[in-house]
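Source file: final.json. Holds: JSON, C-alpha atoms and all ligand atoms.
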```
[["chain", "number", "residue", "atom", "x", "y", "z"],
["A", 924, "MET", "CA", 105.96, 95.33, 126.57],
["A", 925, "THR", "CA", 104.31, 96.63, 123.37],
["A", 926, "ILE", "CA", 101.41, 94.85, 121.63],
["A", 927, "GLN", "CA", 103.77, 94.04, 118.73],
["A", 928, "ALA", "CA", 106.32, 92.39, 121.04],
["A", 929, "LEU", "CA", 103.44, 90.34, 122.44],
["A", 930, "GLU", "CA", 102.78, 89.09, 118.90],
["A", 931, "ILE", "CA", 106.25, 87.47, 118.96],
["A", 932, "LEU", "CA", 105.44, 85.75, 122.25],
["A", 933, "ARG", "CA", 102.02, 84.62, 120.98],
["A", 934, "GLU", "CA", 103.55, 83.15, 117.82],
["A", 935, "SER", "CA", 106.21, 81.28, 119.80],
["A", 936, "MET", "CA", 103.46, 79.58, 121.83],
["A", 937, "ASN", "CA", 100.95, 79.01, 119.02],
["A", 938, "PRO", "CA", 100.20, 75.24, 118.98],
["A", 939, "ARG", "CA", 99.09, 75.44, 115.32],
["A", 940, "LEU", "CA", 102.59, 76.44, 114.16],
["A", 941, "SER", "CA", 105.28, 73.78, 113.71],
["A", 942, "LEU", "CA", 108.71, 74.33, 115.25],
["A", 943, "HIS", "CA", 110.04, 75.16, 111.77],
["A", 944, "GLU", "CA", 107.32, 77.78, 111.24],
["A", 945, "LYS", "CA", 107.96, 79.30, 114.68],
["A", 946, "LYS", "CA", 111.67, 79.57, 113.86],
["A", 947, "ILE", "CA", 110.91, 81.27, 110.54],
["A", 948, "ARG", "CA", 108.53, 83.71, 112.24],
["A", 949, "PHE", "CA", 111.16, 84.67, 114.78],
["A", 950, "CYS", "CA", 114.37, 84.62, 112.71],
["A", 951, "GLY", "CA", 112.53, 85.99, 109.66],
["A", 952, "ARG", "CA", 112.30, 89.38, 111.36],
["A", 953, "HIS", "CA", 115.99, 90.20, 110.96],
["A", 954, "PRO", "CA", 118.18, 90.03, 107.79],
["A", 955, "TRP", "CA", 121.19, 88.60, 109.62],
["A", 956, "MET", "CA", 119.14, 85.84, 111.27],
["A", 957, "ARG", "CA", 117.49, 85.13, 107.92],
["A", 958, "LYS", "CA", 120.87, 84.50, 106.33],
["A", 959, "THR", "CA", 122.27, 82.35, 109.13],
["A", 960, "ALA", "CA", 119.21, 80.31, 110.14],
["A", 961, "SER", "CA", 119.50, 76.91, 108.53],
["A", 962, "SER", "CA", 116.58, 75.88, 106.37],
["A", 963, "GLU", "CA", 115.12, 72.46, 105.85],
["A", 964, "PRO", "CA", 115.77, 71.17, 102.34],
["A", 965, "VAL", "CA", 112.73, 71.55, 100.10],
["A", 966, "SER", "CA", 112.48, 69.58, 96.88],
["A", 967, "ARG", "CA", 112.66, 71.60, 93.67],
["A", 968, "ASN", "CA", 109.35, 72.28, 91.96],
["A", 969, "ILE", "CA", 110.58, 74.57, 89.16],
["A", 970, "PRO", "CA", 113.40, 74.28, 86.62],
["A", 971, "ARG", "CA", 116.63, 76.28, 86.81],
["A", 972, "SER", "CA", 116.62, 79.45, 84.70],
["A", 973, "SER", "CA", 119.28, 77.87, 82.46],
["A", 974, "GLU", "CA", 116.79, 75.08, 81.66],
["A", 975, "SER", "CA", 113.75, 77.31, 81.15],
["A", 976, "ALA", "CA", 112.42, 79.32, 78.20],
["A", 977, "ALA", "CA", 111.13, 82.88, 77.90],
["A", 978, "SER", "CA", 107.36, 82.94, 78.38],
["A", 979, "PRO", "CA", 105.62, 84.14, 75.18],
["A", 980, "TYR", "CA", 103.22, 86.12, 77.40],
["A", 981, "LEU", "CA", 105.83, 88.24, 79.20],
["A", 982, "GLU", "CA", 107.22, 91.58, 78.00],
["A", 983, "LYS", "CA", 109.93, 93.48, 79.85],
["A", 984, "ASP", "CA", 111.45, 96.95, 79.75],
["A", 985, "HIS", "CA", 114.83, 96.07, 81.29],
["A", 986, "GLY", "CA", 117.44, 93.35, 81.07],
["A", 987, "ASP", "CA", 117.73, 90.73, 83.81],
["A", 988, "ASP", "CA", 120.79, 92.44, 85.38],
["A", 989, "ALA", "CA", 119.03, 95.80, 85.74],
["A", 990, "LEU", "CA", 115.97, 94.13, 87.27],
["A", 991, "LEU", "CA", 118.17, 92.23, 89.72],
["A", 992, "GLN", "CA", 120.13, 95.33, 90.66],
["A", 993, "ASN", "CA", 116.92, 97.27, 91.36],
["A", 994, "VAL", "CA", 115.55, 94.52, 93.60],
["A", 995, "ARG", "CA", 118.84, 94.37, 95.49],
["A", 996, "GLU", "CA", 119.07, 98.13, 95.99],
["A", 997, "LYS", "CA", 115.46, 99.21, 96.36],
["A", 998, "GLY", "CA", 113.62, 96.01, 97.29],
["A", 999, "TYR", "CA", 111.54, 96.14, 94.11],
["A", 1000, "ALA", "CA", 111.89, 96.37, 90.35],
["A", 1001, "ALA", "CA", 109.18, 97.53, 87.95],
["A", 1002, "GLY", "CA", 109.21, 96.98, 84.20],
["A", 1003, "LEU", "CA", 107.42, 93.67, 83.59],
["A", 1004, "ARG", "CA", 104.20, 93.29, 81.62],
["A", 1005, "ILE", "CA", 101.85, 90.47, 80.65],
["A", 1006, "ALA", "CA", 100.57, 90.96, 77.10],
["A", 1007, "VAL", "CA", 97.01, 92.35, 77.26],
["A", 1008, "ASP", "CA", 95.45, 89.41, 75.34],
["A", 1009, "ALA", "CA", 96.99, 87.04, 77.86],
["A", 1010, "VAL", "CA", 95.61, 89.12, 80.76],
["A", 1011, "ASP", "CA", 92.13, 88.84, 79.18],
["A", 1012, "GLU", "CA", 92.55, 85.08, 78.92],
["A", 1013, "ILE", "CA", 93.52, 84.88, 82.59],
["A", 1014, "LEU", "CA", 90.44, 86.96, 83.50],
["A", 1015, "ASN", "CA", 88.24, 84.62, 81.40],
["A", 1016, "TYR", "CA", 89.73, 81.70, 83.28],
["A", 1017, "CYS", "CA", 88.90, 83.48, 86.59],
["A", 1018, "GLN", "CA", 85.23, 83.68, 85.50],
["A", 1019, "ARG", "CA", 85.15, 79.87, 85.46],
["A", 1020, "GLN", "CA", 86.70, 79.47, 88.95],
["A", 1021, "GLN", "CA", 85.31, 79.58, 92.47],
["A", 1022, "PHE", "CA", 87.13, 82.03, 94.78],
["A", 1023, "SER", "CA", 87.56, 82.02, 98.57],
["A", 1024, "PRO", "CA", 85.89, 84.98, 100.26],
["A", 1025, "ASN", "CA", 88.00, 86.89, 102.82],
["A", 1026, "ARG", "CA", 90.66, 84.12, 102.70],
["A", 1027, "ASP", "CA", 88.22, 81.52, 104.07],
["A", 1028, "ALA", "CA", 89.52, 78.37, 102.36],
["A", 1029, "VAL", "CA", 86.28, 76.43, 102.94],
["A", 1030, "ARG", "CA", 83.65, 78.79, 101.50],
["A", 1031, "LYS", "CA", 83.56, 79.43, 97.77],
["A", 1032, "VAL", "CA", 81.96, 82.19, 95.71],
["A", 1033, "PRO", "CA", 82.12, 83.08, 92.01],
["A", 1034, "PHE", "CA", 84.70, 85.56, 90.71],
["A", 1035, "SER", "CA", 83.26, 89.05, 90.70],
["A", 1036, "LEU", "CA", 84.35, 92.69, 90.62],
["A", 1037, "GLU", "CA", 81.43, 93.87, 92.72],
["A", 1038, "SER", "CA", 79.46, 92.65, 95.67],
["A", 1039, "ASP", "CA", 76.45, 93.71, 97.70],
["A", 1040, "ASP", "CA", 77.94, 92.07, 100.79],
["A", 1041, "PRO", "CA", 79.66, 94.81, 102.82],
["A", 1042, "SER", "CA", 81.76, 92.26, 104.74],
["A", 1043, "LEU", "CA", 83.38, 90.95, 101.54],
["A", 1044, "ARG", "CA", 86.83, 92.53, 101.19],
["A", 1045, "VAL", "CA", 88.80, 90.05, 99.15],
["A", 1046, "LEU", "CA", 88.23, 87.05, 96.86],
["A", 1047, "SER", "CA", 91.19, 84.77, 96.33],
["A", 1048, "LEU", "CA", 92.20, 81.81, 94.19],
["A", 1049, "MET", "CA", 95.22, 79.74, 95.23],
["A", 1050, "ASN", "CA", 97.73, 78.24, 92.83],
["A", 1051, "PRO", "CA", 96.26, 79.06, 89.42],
["A", 1052, "HIS", "CA", 99.62, 77.97, 87.91],
["A", 1053, "GLU", "CA", 98.49, 74.38, 88.52],
["A", 1054, "ASN", "CA", 95.75, 74.53, 85.90],
["A", 1055, "ASN", "CA", 96.20, 77.70, 83.88],
["A", 1056, "GLU", "CA", 98.78, 77.49, 81.10],
["A", 1057, "ILE", "CA", 99.54, 81.23, 81.00],
["A", 1058, "VAL", "CA", 100.16, 81.52, 84.74],
["A", 1059, "LYS", "CA", 102.20, 78.31, 84.58],
["A", 1060, "SER", "CA", 104.32, 79.70, 81.75],
["A", 1061, "LEU", "CA", 104.91, 82.98, 83.64],
["A", 1062, "SER", "CA", 105.88, 81.11, 86.81],
["A", 1063, "VAL", "CA", 108.77, 79.39, 85.00],
["A", 1064, "ASP", "CA", 109.74, 82.27, 82.71],
["A", 1065, "LYS", "CA", 113.50, 82.52, 82.14],
["A", 1066, "THR", "CA", 113.85, 86.17, 83.20],
["A", 1067, "ILE", "CA", 111.75, 85.74, 86.33],
["A", 1068, "LEU", "CA", 113.70, 82.64, 87.39],
["A", 1069, "SER", "CA", 117.05, 84.23, 86.59],
["A", 1070, "VAL", "CA", 116.26, 87.30, 88.77],
["A", 1071, "VAL", "CA", 114.95, 85.11, 91.59],
["A", 1072, "GLU", "CA", 118.03, 82.84, 91.47],
["A", 1073, "GLY", "CA", 120.38, 85.82, 91.30],
["A", 1074, "TYR", "CA", 118.64, 87.44, 94.23],
["A", 1075, "PHE", "CA", 118.67, 84.37, 96.46],
["A", 1076, "LYS", "CA", 122.05, 83.13, 95.19],
["A", 1077, "SER", "CA", 120.56, 79.65, 95.50],
["A", 1078, "SER", "CA", 117.80, 77.54, 94.03],
["A", 1079, "PRO", "CA", 114.35, 78.84, 94.85],
["A", 1080, "VAL", "CA", 111.07, 76.99, 95.03],
["A", 1081, "LEU", "CA", 107.72, 78.32, 93.88],
["A", 1082, "HIS", "CA", 105.89, 78.67, 97.19],
["A", 1083, "SER", "CA", 102.53, 79.50, 95.57],
["A", 1084, "SER", "CA", 100.69, 81.54, 93.03],
["A", 1085, "GLN", "CA", 97.55, 83.45, 93.81],
["A", 1086, "ILE", "CA", 95.02, 85.69, 92.12],
["A", 1087, "TRP", "CA", 92.93, 87.96, 94.28],
["A", 1088, "VAL", "CA", 90.37, 90.70, 93.92],
["A", 1089, "THR", "CA", 90.21, 93.54, 96.42],
["A", 1090, "LEU", "CA", 86.65, 94.78, 96.45],
["A", 1091, "PRO", "CA", 85.26, 98.18, 97.32],
["A", 1092, "THR", "CA", 82.97, 97.45, 100.25],
["A", 1093, "ALA", "CA", 80.80, 99.46, 102.53],
["A", 1094, "GLY", "CA", 82.71, 97.75, 105.35],
["A", 1095, "LYS", "CA", 85.76, 98.96, 107.19],
["A", 1096, "PRO", "CA", 88.46, 100.51, 105.00],
["A", 1097, "GLU", "CA", 90.80, 100.43, 107.99],
["A", 1098, "HIS", "CA", 90.75, 96.60, 108.18],
["A", 1099, "HIS", "CA", 94.21, 95.20, 109.03],
["A", 1100, "ASP", "CA", 94.42, 93.63, 105.54],
["A", 1101, "TYR", "CA", 95.22, 97.16, 104.44],
["A", 1102, "GLY", "CA", 97.95, 98.11, 106.95],
["A", 1103, "PHE", "CA", 101.75, 98.27, 106.41],
["A", 1104, "HIS", "CA", 103.53, 95.04, 107.38],
["A", 1105, "TYR", "CA", 106.37, 92.81, 106.22],
["A", 1106, "ASP", "CA", 106.04, 89.12, 105.36],
["A", 1107, "ILE", "CA", 107.74, 86.26, 107.15],
["A", 1108, "ASP", "CA", 106.56, 83.29, 105.08],
["A", 1109, "ALA", "CA", 110.15, 82.00, 104.70],
["A", 1110, "TYR", "CA", 113.76, 83.06, 105.29],
["A", 1111, "GLU", "CA", 113.97, 84.53, 101.81],
["A", 1112, "MET", "CA", 111.07, 85.63, 99.66],
["A", 1113, "LEU", "CA", 110.67, 87.32, 96.34],
["A", 1114, "LYS", "CA", 107.25, 87.99, 94.91],
["A", 1115, "VAL", "CA", 106.21, 89.03, 91.43],
["A", 1116, "PHE", "CA", 102.97, 90.99, 91.26],
["A", 1117, "PHE", "CA", 101.01, 91.60, 88.05],
["A", 1118, "TYR", "CA", 97.98, 93.86, 87.88],
["A", 1119, "LEU", "CA", 95.20, 92.20, 85.89],
["A", 1120, "THR", "CA", 93.14, 95.42, 85.95],
["A", 1121, "GLU", "CA", 94.31, 99.00, 85.55],
["A", 1122, "VAL", "CA", 95.43, 100.35, 88.92],
["A", 1123, "ASP", "CA", 95.25, 104.06, 89.68],
["A", 1124, "THR", "CA", 94.80, 105.97, 92.94],
["A", 1125, "GLU", "CA", 91.13, 104.89, 93.07],
["A", 1126, "SER", "CA", 91.77, 101.16, 92.76],
["A", 1127, "GLY", "CA", 93.86, 100.50, 95.85],
["A", 1128, "PRO", "CA", 97.42, 100.50, 94.50],
["A", 1129, "HIS", "CA", 99.97, 98.36, 96.28],
["A", 1130, "VAL", "CA", 102.24, 100.54, 98.43],
["A", 1131, "LEU", "CA", 105.79, 99.68, 99.46],
["A", 1132, "ILE", "CA", 108.55, 101.39, 101.39],
["A", 1133, "GLU", "CA", 111.72, 101.52, 99.35],
["A", 1134, "ALA", "CA", 114.89, 99.86, 100.69],
["A", 1135, "THR", "CA", 113.31, 98.58, 103.91],
["A", 1136, "HIS", "CA", 114.00, 94.99, 102.74],
["A", 1137, "ARG", "CA", 117.57, 95.31, 104.07],
["A", 1138, "GLU", "CA", 116.76, 97.08, 107.31],
["A", 1139, "GLY", "CA", 118.03, 95.16, 110.32],
["A", 1140, "THR", "CA", 117.04, 97.44, 113.17],
["A", 1141, "ALA", "CA", 115.44, 96.62, 116.51],
["A", 1142, "TYR", "CA", 112.64, 98.94, 115.40],
["A", 1143, "LYS", "CA", 111.85, 96.72, 112.44],
["A", 1144, "PHE", "CA", 112.28, 93.51, 114.43],
["A", 1145, "PHE", "CA", 109.63, 94.58, 116.94],
["A", 1146, "ASN", "CA", 107.35, 96.47, 114.56],
["A", 1147, "ARG", "CA", 106.05, 94.05, 111.95],
["A", 1148, "ARG", "CA", 103.09, 96.37, 111.43],
["A", 1149, "LEU", "CA", 103.17, 100.14, 110.95],
["A", 1150, "SER", "CA", 100.46, 102.78, 110.85],
["A", 1151, "ASP", "CA", 100.45, 105.21, 107.91],
["A", 1152, "GLU", "CA", 101.64, 107.93, 110.32],
["A", 1153, "GLN", "CA", 104.60, 105.85, 111.53],
["A", 1154, "ALA", "CA", 105.50, 105.02, 107.91],
["A", 1155, "ALA", "CA", 105.38, 108.68, 106.84],
["A", 1156, "ASP", "CA", 107.33, 109.90, 109.90],
["A", 1157, "ARG", "CA", 110.06, 107.31, 109.64],
["A", 1158, "TYR", "CA", 110.39, 106.81, 105.87],
["A", 1159, "GLY", "CA", 108.98, 109.98, 104.22],
["A", 1160, "ASP", "CA", 109.30, 109.91, 100.44],
["A", 1161, "ARG", "CA", 110.49, 106.30, 100.42],
["A", 1162, "VAL", "CA", 106.79, 105.32, 100.60],
["A", 1163, "LYS", "CA", 105.88, 104.46, 96.97],
["A", 1164, "SER", "CA", 102.44, 103.78, 95.48],
["A", 1165, "MET", "CA", 102.67, 101.29, 92.64],
["A", 1166, "MET", "CA", 100.22, 102.47, 89.99],
["A", 1167, "GLY", "CA", 100.08, 100.47, 86.77],
["A", 1168, "ARG", "CA", 98.24, 99.66, 83.58],
["A", 1169, "LYS", "CA", 96.50, 96.34, 83.07],
["A", 1170, "GLY", "CA", 99.19, 93.66, 82.78],
["A", 1171, "GLU", "CA", 102.03, 95.63, 84.42],
["A", 1172, "GLY", "CA", 104.08, 93.91, 87.04],
["A", 1173, "PHE", "CA", 106.99, 94.24, 89.42],
["A", 1174, "PHE", "CA", 109.28, 92.17, 91.62],
["A", 1175, "GLU", "CA", 109.21, 92.84, 95.34],
["A", 1176, "ASP", "CA", 111.04, 91.45, 98.33],
["A", 1177, "THR", "CA", 108.13, 91.63, 100.76],
["A", 1178, "PHE", "CA", 110.47, 91.73, 103.71],
["A", 1179, "ALA", "CA", 110.17, 95.42, 102.78],
["A", 1180, "TYR", "CA", 107.23, 97.11, 104.48],
["A", 1181, "HIS", "CA", 104.23, 97.12, 102.16],
["A", 1182, "LYS", "CA", 100.45, 97.17, 102.16],
["A", 1183, "GLY", "CA", 97.36, 96.79, 100.02],
["A", 1184, "GLN", "CA", 94.79, 99.56, 100.14],
["A", 1185, "TYR", "CA", 91.06, 99.85, 100.38],
["A", 1186, "PRO", "CA", 89.89, 100.43, 96.79],
["A", 1187, "LYS", "CA", 87.07, 102.54, 95.42],
["A", 1188, "ARG", "CA", 87.18, 100.33, 92.29],
["A", 1189, "ALA", "CA", 87.98, 96.60, 92.33],
["A", 1190, "ARG", "CA", 91.58, 95.57, 91.68],
["A", 1191, "VAL", "CA", 92.64, 92.12, 90.40],
["A", 1192, "ILE", "CA", 96.23, 91.04, 91.02],
["A", 1193, "LEU", "CA", 98.30, 87.94, 90.27],
["A", 1194, "GLN", "CA", 101.11, 87.03, 92.64],
["A", 1195, "LEU", "CA", 103.93, 84.52, 92.13],
["A", 1196, "GLU", "CA", 105.87, 83.83, 95.33],
["A", 1197, "TYR", "CA", 109.35, 82.28, 95.35],
["A", 1198, "VAL", "CA", 111.11, 81.31, 98.57],
["A", 1199, "VAL", "CA", 114.14, 79.67, 100.08],
["A", 1200, "GLY", "CA", 113.70, 77.90, 103.40],
["A", 1301, "LIG", "O1", 97.15, 93.60, 98.11],
["A", 1301, "LIG", "C1", 98.25, 94.14, 98.20],
["A", 1301, "LIG", "O2", 98.65, 95.00, 97.41],
["A", 1301, "LIG", "C2", 99.17, 93.75, 99.38],
["A", 1301, "LIG", "C3", 99.60, 92.35, 99.33],
["A", 1301, "LIG", "C4", 100.32, 91.92, 100.57],
["A", 1301, "LIG", "O3", 100.19, 92.51, 101.61],
["A", 1301, "LIG", "C5", 101.19, 90.76, 100.54],
["A", 1301, "LIG", "O4", 101.37, 90.16, 99.47],
["A", 1301, "LIG", "O5", 101.75, 90.41, 101.60]]
```
Produce structure tokens that represent the structure in this file.
Amino acid sequence: MTIQALEILRESMNPRLSLHEKKIRFCGRHPWMRKTASSEPVSRNIPRSSESAASPYLEKDHGDDALLQNVREKGYAAGLRIAVDAVDEILNYCQRQQFSPNRDAVRKVPFSLESDDPSLRVLSLMNPHENNEIVKSLSVDKTILSVVEGYFKSSPVLHSSQIWVTLPTAGKPEHHDYGFHYDIDAYEMLKVFFYLTEVDTESGPHVLIEATHREGTAYKFFNRRLSDEQAADRYGDRVKSMMGRKGEGFFEDTFAYHKGQYPKRARVILQLEYVVG
């Protein structure tokens, strides 16, 4: 049995996961099981797109239908942008918040784009939409909700929002935070990522593998994580690096293989995550 198959066994016996979470982690590995597994009803926490307004902070290059079609076909759709003044306001807000180092929810440190601590890889802030008006307005933007609803064909909930900084550290660039994987947070997931700093090859661009969101193979079921070599051998030029200017954003179904990367310059990213189930 491979190490990755053992991960499935370990998750099914993990006492810290509820039965519902175990079911998601198992069935979430295959598109057909995702569709047929019944989900527990979750109460709505966002309006329907028909009841929501366009956020004054969001600019877009394509209509809702084109965005939706791209997500369906390729697993992602670029062409969103937060106005630069609004990005600066979000970054000012970050300066006033305490962030969790390396996803440790108990410890807190100030927001920063550099650190002398070589073990510090990531600083994160959960749910900024709860107290930042711009993030709140983006999270209920009409276009975003209309694409999410169209994609799920049912009413989504906002699972969370998050801002995080990936820091250049003297530590290990090969840390598993940076490896290819797919998410199984829910039966259906659609994330919107916005870069709050310019992202080029030096600043750890997000990487995704096009059209793997629909793949229902035994290979994908058993291989939730991939090395760069496996990704290149199996998917070749479908591996895409998402470079972008400050404020640019894209939708992504993170059931597609994807990864963050070790940066040489800090990268700040905002994520909105919508789910069903
Ligand atoms: O930091 C990144 O670009 C990767 C994010 C990621 O792996 C995820 O959202 O599951």
Problem - Residues near stretch 968-983 of chain A, cut-off 10 Å, only C-alpha atoms, skip fewer than 6 positions along chain, as a PyMOL selection string - result: chain A and resi 990+1001-1010+1057-1073+1078-1082+1170-1172+1197
Writer output for current selection, C-alpha atoms, as a PDB file, in the coordinates of the input:
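Here's the written file out_34.pdb:
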```pdb
ATOM      1  CA  LEU A 990     115.970  94.130  87.270  1.00  0.00           C
ATOM      2  CA  ALA A1001     109.180  97.530  87.950  1.00  0.00           C
ATOM      3  CA  GLY A1002     109.210  96.980  84.200  1.00  0.00           C
ATOM      4  CA  LEU A1003     107.420  93.670  83.590  1.00  0.00           C
ATOM      5  CA  ARG A1004     104.200  93.290  81.620  1.00  0.00           C
ATOM      6  CA  ILE A1005     101.850  90.470  80.650  1.00  0.00           C
ATOM      7  CA  ALA A1006     100.570  90.960  77.100  1.00  0.00           C
ATOM      8  CA  VAL A1007      97.010  92.350  77.260  1.00  0.00           C
ATOM      9  CA  ASP A1008      95.450  89.410  75.340  1.00  0.00           C
ATOM     10  CA  ALA A1009      96.990  87.040  77.860  1.00  0.00           C
ATOM     11  CA  VAL A1010      95.610  89.120  80.760  1.00  0.00           C
ATOM     12  CA  ILE A1057      99.540  81.230  81.000  1.00  0.00           C
ATOM     13  CA  VAL A1058     100.160  81.520  84.740  1.00  0.00           C
ATOM     14  CA  LYS A1059     102.200  78.310  84.580  1.00  0.00           C
ATOM     15  CA  SER A1060     104.320  79.700  81.750  1.00  0.00           C
ATOM     16  CA  LEU A1061     104.910  82.980  83.640  1.00  0.00           C
ATOM     17  CA  SER A1062     105.880  81.110  86.810  1.00  0.00           C
ATOM     18  CA  VAL A1063     108.770  79.390  85.000  1.00  0.00           C
ATOM     19  CA  ASP A1064     109.740  82.270  82.710  1.00  0.00           C
ATOM     20  CA  LYS A1065     113.500  82.520  82.140  1.00  0.00           C
ATOM     21  CA  THR A1066     113.850  86.170  83.200  1.00  0.00           C
ATOM     22  CA  ILE A1067     111.750  85.740  86.330  1.00  0.00           C
ATOM     23  CA  LEU A1068     113.700  82.640  87.390  1.00  0.00           C
ATOM     24  CA  SER A1069     117.050  84.230  86.590  1.00  0.00           C
ATOM     25  CA  VAL A1070     116.260  87.300  88.770  1.00  0.00           C
ATOM     26  CA  VAL A1071     114.950  85.110  91.590  1.00  0.00           C
ATOM     27  CA  GLU A1072     118.030  82.840  91.470  1.00  0.00           C
ATOM     28  CA  GLY A1073     120.380  85.820  91.300  1.00  0.00           C
ATOM     29  CA  SER A1078     117.800  77.540  94.030  1.00  0.00           C
ATOM     30  CA  PRO A1079     114.350  78.840  94.850  1.00  0.00           C
ATOM     31  CA  VAL A1080     111.070  76.990  95.030  1.00  0.00           C
ATOM     32  CA  LEU A1081     107.720  78.320  93.880  1.00  0.00           C
ATOM     33  CA  HIS A1082     105.890  78.670  97.190  1.00  0.00           C
ATOM     34  CA  GLY A1170      99.190  93.660  82.780  1.00  0.00           C
ATOM     35  CA  GLU A1171     102.030  95.630  84.420  1.00  0.00           C
ATOM     36  CA  GLY A1172     104.080  93.910  87.040  1.00  0.00           C
ATOM     37  CA  TYR A1197     109.350  82.280  95.350  1.00  0.00           C
TER      38      TYR A1197
END
```
Exercise for the section: Extract, using only C-alpha atoms, all DNA, RNA and protein residues at most 9 Å from stretch 1181-1194 of chain A, discarding same-chain residues fewer than 6 positions from it, and format them as a PyMOL selection string. Expected result: chain A and resi 1014+1036-1037+1044+1058+1083-1092+1095-1098+1100-1106+1114-1122+1124-1132+1162+1172
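With only C-alpha atoms taken into account, the protein and nucleic acid residues at most 7 Å from A:Ala960 (excluding it and anything under 3 positions from it in its own chain) are Cys950, Met956 and Arg957 of chain A.
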Practice task
Using atom CA of A:Asn1025 and atom CA of A:Val1045 as the two end points, give the distance in Å to one decimal.
Solution key: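 It comes out at 4.9 Å.
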Handout entry: Which residue of A:Ser1038, A:Gln1018, A:Asn1055, A:Ser1047 approaches ligand LIG 1301 (chain A) most closely, using all atoms listed in the file
Key = A:Ser1047
Problem - d(atom CA of A:Pro1051, atom CA of A:Arg1019) in Å - result: 11.8 Å
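Closest approach to ligand LIG 1301 (chain A) among A:Asp1151, A:Asp1123, A:Asp1108, A:Asp1039: A:Asp1108, based on all atoms listed in the file.
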Handout entry: Atomic separation - atom O5 of ligand LIG 1301 (chain A) relative to atom CA of A:Tyr1158, Å
Key =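 Separation of atom CA of A:Tyr1158 and atom O5 of ligand LIG 1301 (chain A): 19.0 Å.
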Practice task
May I have the residues within 12 Å of A:Gln992 as a list in words, using only C-alpha atoms and disregarding those fewer than 3 positions away in the same chain?
Solution key: His985, Gly986, Asp987, Asp988, Ala989, Arg995, Glu996, Lys997, Gly998, Tyr999, Ala1000, Ala1001, Val1070, Val1071, Gly1073, Tyr1074 and Phe1174 of chain A
